[in-house]
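J.: Submitted below is the structure of interest, expressed as structure tokens.
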2 protein chains.
Amino acid sequence: MSADPPFAFTDPLARALFEPRSIALIGASADPGKNTARPQQFLRRHGFAGAIHPVNPGRDEVLGDRAYPTPEAIPGAVDHALIMVPAPRVLPALESCARKGIPVVTVYSDGFAEAGGEGERMQRELVARARALGVRLLGPNSIGMINVAGRVPLTVNAALAADRLPVGRVGFVSQSGTMLGTVFSRGQARGLGFSRMVSVGTESDLAVGEIARMLVDDPGTDVILLFLETLRDAPALARAARAAQAAGKSIAAYKLGRSEVGAQLAVSHTGALAGSDAACDAFFREHGIVRVHFLETLLEIAPLLARDAGRPPRPAARKPRVAVVSTTGGGAAMVVDSLGLRGVDVVGPPPAFIARMATQGITLREAPIIDLTLAATSERYESVLRGLLADDFCDAVLAVAGTSAQFHPQLAVQPIVRAAREAGKPLAAFLAPQADASLGLLAAEGVAGFRTPEACADALAGVLTRRPVRAQTVPDPRLSERLAAWRPGASAGAPGRVLDEAAALALFEALGVPVVEREVLRSAPWSHRVPYPVVAKLVSADLPHKTEAGAVTLGVADAAALDRAIDAMRTSARAHTPGARIDGVLVQAMQAGLAEALIGYRHDPLVGPIVVLGAGGRLAELMRDVSLRLAPVDEAQAREMVGEVAALAPVRGYRGLPAGDVDSLVRALVAVGRLANLPGQPVAEAEINPMIIARDRAVAVDGLIVWGEGT
Amino acid sequence: MSADPPFAFTDPLARALFEPRSIALIGASADPGKNTARPQQFLRRHGFAGAIHPVNPGRDEVLGDRAYPTPEAIPGAVDHALIMVPAPRVLPALESCARKGIPVVTVYSDGFAEAGGEGERMQRELVARARALGVRLLGPNSIGMINVAGRVPLTVNAALAADRLPVGRVGFVSQSGTMLGTVFSRGQARGLGFSRMVSVGTESDLAVGEIARMLVDDPGTDVILLFLETLRDAPALARAARAAQAAGKSIAAYKLGRSEVGAQLAVSHTGALAGSDAACDAFFREHGIVRVHFLETLLEIAPLLARDAGRPPRPAARKPRVAVVSTTGGGAAMVVDSLGLRGVDVVGPPPAFIARMATQGITLREAPIIDLTLAATSERYESVLRGLLADDFCDAVLAVAGTSAQFHPQLAVQPIVRAAREAGKPLAAFLAPQADASLGLLAAEGVAGFRTPEACADALAGVLTRRPVRAQTVPDPRLSERLAAWRPGASAGAPGRVLDEAAALALFEALGVPVVEREVLRSAPWSHRVPYPVVAKLVSADLPHKTEAGAVTLGVADAAALDRAIDAMRTSARAHTPGARIDGVLVQAMQAGLAEALIGYRHDPLVGPIVVLGAGGRLAELMRDVSLRLAPVDEAQAREMVGEVAALAPVRGYRGLPAGDVDSLVRALVAVGRLANLPGQPVAEAEINPMIIARDRAVAVDGLIVWGEGT
């Protein structure tokens, strides 16, 4: 075996997965028209250098290769098995692979978790057995793995019937099997190549995050593209993102489910506000993963990411600025229009730049787009591009080409390719006409070329708004001690998983949230030190909607009025919810303000703890005017959140009106986010609604805490 | 001339524009490398059957054709001249054309309106002269006209260097010259052909609307596509849209400027709310023009529009429903996700349909997407498609194909093409892999095939949400009489163009808006019949921001308090705006409500009178939570508007809470929109802010009217 090429991967698991030297094809058909005959044909067609062992108990030979009745019958070591037998026979096949000592098994067979019911049960059994046997699983329902650069097309995907493998430095991981073929074929047609492509199927064991982590360590991969339907293991993907940043590599993702109506309705409003796609969006953004919005962006963005990786992040405080050079006004305008929708500015050349170009005999006008339509020679185009790529007034450069890209590819593309070689910032090219040859030339030179104005803007905006990976959440046992008193069952007074308003406000205060001046009165006489006028509310975990139950009285003027209010509220509450337990009366100072805010905390089922900020009151969830972050948040993140909620503009000093106490609001956001630092993250949901923001203070006046099951 | 083919057009102007039999090329170069030599070469290359006359004073012959020193020297009639000389020589050339009796002149030359300043002046002069001489102008800065079907490529666009003209039944009109080539080349590559293509340049005379109107009358054109940077003559385009609907033809538009920040800030909030792109959006929607959001949609949507034209409009009350058949789950999911974002539902097959298919031996599951991945044979695919196209449970059908579309185009496309032949509803095909041959087959059969999931969803959503053209606005002279009292200068009390609040509310009341109970008091003693508590405001057109001027007092309890309030307001107003004229005191009943609304009316500079509804108060313009329509609106439109404003949900009976008096709000919207029925549309702006909506009533409590200049 001394003629074997060296391994790309160092990790034994990654080697067995991506670079097997011996493969068992379990259930390989001898009928070349069958799906299950494809992997063997593809491996041969594309020059797999290792050993191929069909496993087919009915035959001695399959399509020219010696066949074996079981994996164990294969002579010598086997690195990777592909199981293609019907679902009920997968488990015995796995057992057989384990006995043979095969470390990685890919399961093509379907009928497992994706089929529900009995399939789910079978998958659980399969995974448990694989764990026990020490075998790692890709799938079930995986269409396979293609080590493109290493010539290992271990897949059933029909797209591999292609003549050539498009080799590149881009890894692709997909939760959809058919998308492997879609992306493969589209890349091939464009000259956009791949290093490795993996279909993860139902992710029973090896999931997107772990595979992405392997690709970060892959010397043949610079950029990792993901096609996602959901997030099954966000922490693993977060680890991959962290490793990618450290290694100067990039991750981009296309994720389905943008229009999914969040089905999960929680006790508080937060559930409805933070649909899980918004949470995924936050997860991507806070892990430096560029989310793309068009299928074609996923293909076309790679060169842009590859060249941008490892650069210091752009300042978040100002909009990214793109300079545009074009030989077609309409073509450039389409990209610019889309960039504007994504919050990217287009900047025209400043006077100093115009003057510098003039010394080279190039006349530019002060306009947002540098239009070289009439003056365009290849040399001038290149000079302007070089100048822009070297100048500080823009963060990226967009080169747009017209008809020349169609009829004179070499001429049109040359200045862009040349200028790109020393580019210190992202450079993207959009070709307005049908210009396949020009796109091919750009791809061959590793320059980002775009076929549509929309994908071009999508990719540029994605790269330019990319942020560094967030810090890891550190558990804080001292915080746990500080909040111990409010744990369910911690004391006789603790009412259970759902804290009443009084207890919730006390817990928020302990976290560091500024809370309104208040007192809990347990019995008559109802004396207190809160200055009148006050708000009086019944304390009861059995009345989640107090206003509807008549358990709130505003503007109580004096002690006599308080007595009357309490009597009236008790009568009303008893009528509304017979048997409701009433634990006392909460008396709060009346608080006026410029605006009200809602601060929510909950566990998104996919990405974990999140913090949400919105306008307070019952309209919050209707308006979708919210800002969302993974929890915890630091002060800078909290301040960004306040800036993202339109309804809080008055608080920020809108139109010269007096501003509110944003600092206290920020402090409250940071404090609520700290719930994620509690070891075990035992709080399921928390909400302050409203937080009243006045000029000189901001205080929580109502709140809710729900501890998770089993806490 | 008996061998000439018959004309497609009947209108003499359209014939001269599109079907000239004799063409003058003024400024035609004898250097084949020059731009100005292209039209002659293109006409020859693509087989123009008429006479070509280069006009070039320096030569007797140009590229093989006899050349003339002036148009007048050309023997026989000339139908159409293309002027390509520098800007200062265009006017003399036009004069010469007029003397020759040439009815249509296309001006390629630039340096006119698009250059600003002197160019604008030259354009005005050119147009005035053309009008006087009876010559119609296309351009200046037009890259020309291509009668594709008639083989008249009268254009400078380099894309015509192509070998073939892609002939089809789709007309294209563009404000961008280079986009002519972009769309031509992209269409050619896809087998998507055109009937006529026109670059309108700066639209000094012949503009988009008039050209589109000609194409409606063109027997060779079924679908009209527009590439727009702005709208220069909305009424003309409205006429074309109305004619198109009557003729069973369709119009689709791609318009730049979605991200343009509305620069025009008016006195009232409405200006900031209704950016002109939103108004254009309303214009398109209300004229049955499908606005597309991706360049590629513009190309790909035509077959969908051609087959849908003339069908009765779908009910607006419910979301459109699309049935999806797919052989690739991931591919279909991408389209479905995008459809969801556009408010289109995806419907799975109902039990009755599943049962019917079962009788044909086809097993379907109850799921949103009909996935035929494993069971897919060409026959089954076709049977399911036919079933869906004939069934009432969906409004359109989406067919998605996977790898087969790449490797077996005929097989993959055949069932779609066959089913489409008798389709009674829109059918769109999305091909997930690179599948050029399949796309070509679909195009050849006139079936809408899409290369990207996003354009596919964009086109389907556009067609399915298309609405019939709105009724024409009818001027109402009696309304004019009814409002005469408030015209500027109509009486001594009318203060000018800007009506004070008291006058504005009176005018709104005369229009039919429910207005709060009130009285205007001109002098002490301040007695009135409005029941206490009341709101008191100073009446003054000089104090547009009354709250800031201290000219409003809420909750005035009795007559003594009113006296004190009026004194205090006068002092405060004098300090705020010295010299402000105070015309009295407006006393209004205090009005509580469930919500506040803003109703605005203004003239959008592009599309004319519009009505805007939003949440009331100072946050309205921040939230962008508004609904906009062309004015006037009927009751059904007004009711739709109320449904589109998220902040008005409480009024609509949100979560079982008591609903507000929506009928009165609707009445107010209809009434305000009536301002557009005033002959001459003399009101420039009007605003009710807020309209307070209570359970049993909705009343305007504050308002503003601004008459236009010169009224």
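Naming scheme: A, B, ... for chains in displayed order of the structure tokens; residues 1 onward per chain; ligands 1 onward as shown.
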From region 8-121 of chain A, collect each residue whose DSSP state is strand (DSSP E or B) and return the set as a CSV table (one decimal) with N, CA and C atoms, in the first residue's frame.
T.:
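result35.csv, written as the output of this step:
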chain,number,residue,atom,x,y,z
A,22,SER,N,-10.7,1.1,2.1
A,22,SER,CA,-11.4,-0.1,1.8
A,22,SER,C,-12.9,0.1,2.2
A,23,ILE,N,-13.8,-0.2,1.2
A,23,ILE,CA,-15.2,0.2,1.4
A,23,ILE,C,-16.0,-1.1,1.3
A,24,ALA,N,-17.0,-1.3,2.2
A,24,ALA,CA,-18.0,-2.4,2.0
A,24,ALA,C,-19.3,-1.7,1.5
A,25,LEU,N,-19.9,-2.3,0.5
A,25,LEU,CA,-21.1,-1.8,0.0
A,25,LEU,C,-22.2,-2.8,0.3
A,26,ILE,N,-22.9,-2.7,1.4
A,26,ILE,CA,-23.8,-3.7,1.9
A,26,ILE,C,-25.2,-3.5,1.2
A,51,ALA,N,-10.0,-0.2,-2.2
A,51,ALA,CA,-10.7,-1.5,-2.5
A,51,ALA,C,-12.2,-1.3,-2.3
A,52,ILE,N,-13.0,-2.0,-3.3
A,52,ILE,CA,-14.4,-1.9,-3.2
A,52,ILE,C,-14.9,-3.3,-3.0
A,53,HIS,N,-15.7,-3.5,-1.9
A,53,HIS,CA,-16.2,-4.8,-1.6
A,53,HIS,C,-17.7,-4.9,-1.6
A,54,PRO,N,-18.4,-5.3,-2.7
A,54,PRO,CA,-19.8,-5.5,-2.6
A,54,PRO,C,-20.2,-6.6,-1.6
A,55,VAL,N,-21.2,-6.3,-0.8
A,55,VAL,CA,-21.7,-7.4,0.1
A,55,VAL,C,-23.1,-7.8,-0.4
A,61,GLU,N,-20.1,-12.3,-7.3
A,61,GLU,CA,-19.5,-11.2,-8.0
A,61,GLU,C,-20.6,-10.2,-8.3
A,62,VAL,N,-20.3,-8.9,-8.1
A,62,VAL,CA,-21.2,-7.9,-8.5
A,62,VAL,C,-20.5,-6.8,-9.4
A,65,ASP,N,-16.8,-6.9,-9.4
A,65,ASP,CA,-16.0,-7.0,-8.2
A,65,ASP,C,-16.4,-8.2,-7.5
A,66,ARG,N,-15.5,-8.8,-6.8
A,66,ARG,CA,-15.7,-10.0,-5.9
A,66,ARG,C,-16.7,-9.6,-4.8
A,68,TYR,N,-19.2,-10.5,-1.3
A,68,TYR,CA,-19.1,-11.3,-0.1
A,68,TYR,C,-20.5,-11.5,0.5
A,80,HIS,N,-14.9,1.8,6.0
A,80,HIS,CA,-16.2,2.5,5.9
A,80,HIS,C,-17.2,1.5,5.2
A,81,ALA,N,-18.4,1.4,5.8
A,81,ALA,CA,-19.4,0.6,5.1
A,81,ALA,C,-20.6,1.5,4.8
A,82,LEU,N,-21.2,1.2,3.6
A,82,LEU,CA,-22.4,1.9,3.2
A,82,LEU,C,-23.5,0.8,3.2
A,83,ILE,N,-24.5,1.0,4.1
A,83,ILE,CA,-25.6,0.0,4.2
A,83,ILE,C,-26.8,0.5,3.3
A,104,VAL,N,-16.8,3.3,10.8
A,104,VAL,CA,-17.9,4.2,10.3
A,104,VAL,C,-18.8,3.5,9.4
A,105,VAL,N,-20.1,3.7,9.7
A,105,VAL,CA,-21.1,3.1,8.8
A,105,VAL,C,-22.1,4.2,8.3
A,106,THR,N,-22.2,4.3,7.0
A,106,THR,CA,-23.2,5.2,6.5
A,106,THR,C,-24.5,4.4,6.1
A,107,VAL,N,-25.6,4.9,6.6
A,107,VAL,CA,-26.9,4.2,6.3
A,107,VAL,C,-27.7,5.0,5.3
J.: Hey, what's within 7 Å of region 465-473 of chain B if we count only C-alpha atoms and toss same-chain stuff fewer than 6 positions away? As a list in words, please?
T.: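 Neighbouring residues, sequence-local ones excluded: Arg242, Arg285, Glu286, His287, Gly288, Val290, Pro313 and Asn677 of chain B.
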J.: Write out the residues from the selection above, keeping N, CA, C and O atoms, as a PDB file, in the first residue's frame.
T.:
ATOM      1  N   ARG B 242     -55.487  49.073 -18.176  1.00  0.00           N
ATOM      2  CA  ARG B 242     -56.924  48.896 -18.360  1.00  0.00           C
ATOM      3  C   ARG B 242     -57.194  48.217 -19.711  1.00  0.00           C
ATOM      4  O   ARG B 242     -57.975  47.272 -19.803  1.00  0.00           O
ATOM      5  N   ARG B 285     -50.282  47.190  -8.000  1.00  0.00           N
ATOM      6  CA  ARG B 285     -51.263  46.228  -7.488  1.00  0.00           C
ATOM      7  C   ARG B 285     -52.668  46.599  -7.954  1.00  0.00           C
ATOM      8  O   ARG B 285     -53.431  45.742  -8.385  1.00  0.00           O
ATOM      9  N   GLU B 286     -52.980  47.887  -7.881  1.00  0.00           N
ATOM     10  CA  GLU B 286     -54.339  48.314  -8.200  1.00  0.00           C
ATOM     11  C   GLU B 286     -54.584  48.440  -9.707  1.00  0.00           C
ATOM     12  O   GLU B 286     -55.681  48.765 -10.126  1.00  0.00           O
ATOM     13  N   HIS B 287     -53.528  48.178 -10.479  1.00  0.00           N
ATOM     14  CA  HIS B 287     -53.715  48.164 -11.930  1.00  0.00           C
ATOM     15  C   HIS B 287     -53.422  46.795 -12.518  1.00  0.00           C
ATOM     16  O   HIS B 287     -53.157  46.673 -13.727  1.00  0.00           O
ATOM     17  N   GLY B 288     -53.435  45.779 -11.677  1.00  0.00           N
ATOM     18  CA  GLY B 288     -53.262  44.410 -12.170  1.00  0.00           C
ATOM     19  C   GLY B 288     -51.885  44.149 -12.757  1.00  0.00           C
ATOM     20  O   GLY B 288     -51.691  43.180 -13.497  1.00  0.00           O
ATOM     21  N   VAL B 290     -48.251  42.896 -12.313  1.00  0.00           N
ATOM     22  CA  VAL B 290     -47.531  42.041 -11.366  1.00  0.00           C
ATOM     23  C   VAL B 290     -46.127  42.600 -11.166  1.00  0.00           C
ATOM     24  O   VAL B 290     -45.341  42.687 -12.106  1.00  0.00           O
ATOM     25  N   PRO B 313     -60.588  36.885 -11.793  1.00  0.00           N
ATOM     26  CA  PRO B 313     -59.676  37.098 -10.663  1.00  0.00           C
ATOM     27  C   PRO B 313     -60.007  36.134  -9.529  1.00  0.00           C
ATOM     28  O   PRO B 313     -61.150  35.757  -9.331  1.00  0.00           O
ATOM     29  N   ASN B 677     -61.634  62.954  -5.750  1.00  0.00           N
ATOM     30  CA  ASN B 677     -62.731  63.174  -6.708  1.00  0.00           C
ATOM     31  C   ASN B 677     -62.988  64.661  -6.988  1.00  0.00           C
ATOM     32  O   ASN B 677     -63.753  65.000  -7.883  1.00  0.00           O
TER      33      ASN B 677
END
J.: Considering only C-alpha atoms, return as a PyMOL selection string whatever protein or nucleic-acid residues lie within 10 Å of Ala399 (chain A), sequence-local ones (same chain, fewer than 6 positions apart) excluded.
T.: chain A and resi 323-327+332+370+381+385+413+415-416+427-431+449
J.: For chain B against chain A, which residues fall within 8 Å using only C-alpha atoms, given as a ChimeraX atom specification?
T.: /B:158-159,176-179,181-183,185-186,189,256-260,294-296,328-331,333-334,337-338,340-341,402-403,432-434,452-454,619,622-623,646-647,649
J.: Write down as a PyMOL selection string the residues belonging to region 323-365 of chain A that are assigned alpha helix (DSSP H) by DSSP computed on the backbone.
T.: chain A and resi 329-341+351-359
J.: Save the residues we just selected, C-alpha atoms, as a PDB file, in the first residue's frame?
T.:
ATOM      1  CA  GLY A 329     -26.041  51.546 -15.215  1.00  0.00           C
ATOM      2  CA  GLY A 330     -29.174  49.409 -14.975  1.00  0.00           C
ATOM      3  CA  GLY A 331     -27.210  46.303 -14.029  1.00  0.00           C
ATOM      4  CA  ALA A 332     -25.361  48.050 -11.206  1.00  0.00           C
ATOM      5  CA  ALA A 333     -28.535  49.728  -9.967  1.00  0.00           C
ATOM      6  CA  MET A 334     -30.206  46.368  -9.409  1.00  0.00           C
ATOM      7  CA  VAL A 335     -27.413  45.244  -7.062  1.00  0.00           C
ATOM      8  CA  VAL A 336     -27.291  48.613  -5.323  1.00  0.00           C
ATOM      9  CA  ASP A 337     -31.059  48.562  -4.748  1.00  0.00           C
ATOM     10  CA  SER A 338     -30.814  45.128  -3.134  1.00  0.00           C
ATOM     11  CA  LEU A 339     -27.817  46.185  -1.046  1.00  0.00           C
ATOM     12  CA  GLY A 340     -29.830  49.124   0.273  1.00  0.00           C
ATOM     13  CA  LEU A 341     -32.582  46.765   1.404  1.00  0.00           C
ATOM     14  CA  PRO A 351     -12.783  64.097  -4.104  1.00  0.00           C
ATOM     15  CA  ALA A 352      -9.325  62.844  -3.090  1.00  0.00           C
ATOM     16  CA  PHE A 353      -9.925  59.587  -4.964  1.00  0.00           C
ATOM     17  CA  ILE A 354     -11.262  61.412  -8.017  1.00  0.00           C
ATOM     18  CA  ALA A 355      -8.164  63.621  -7.984  1.00  0.00           C
ATOM     19  CA  ARG A 356      -5.861  60.614  -7.724  1.00  0.00           C
ATOM     20  CA  MET A 357      -7.555  58.918 -10.666  1.00  0.00           C
ATOM     21  CA  ALA A 358      -7.303  62.160 -12.647  1.00  0.00           C
ATOM     22  CA  THR A 359      -3.513  61.991 -12.367  1.00  0.00           C
TER      23      THR A 359
END
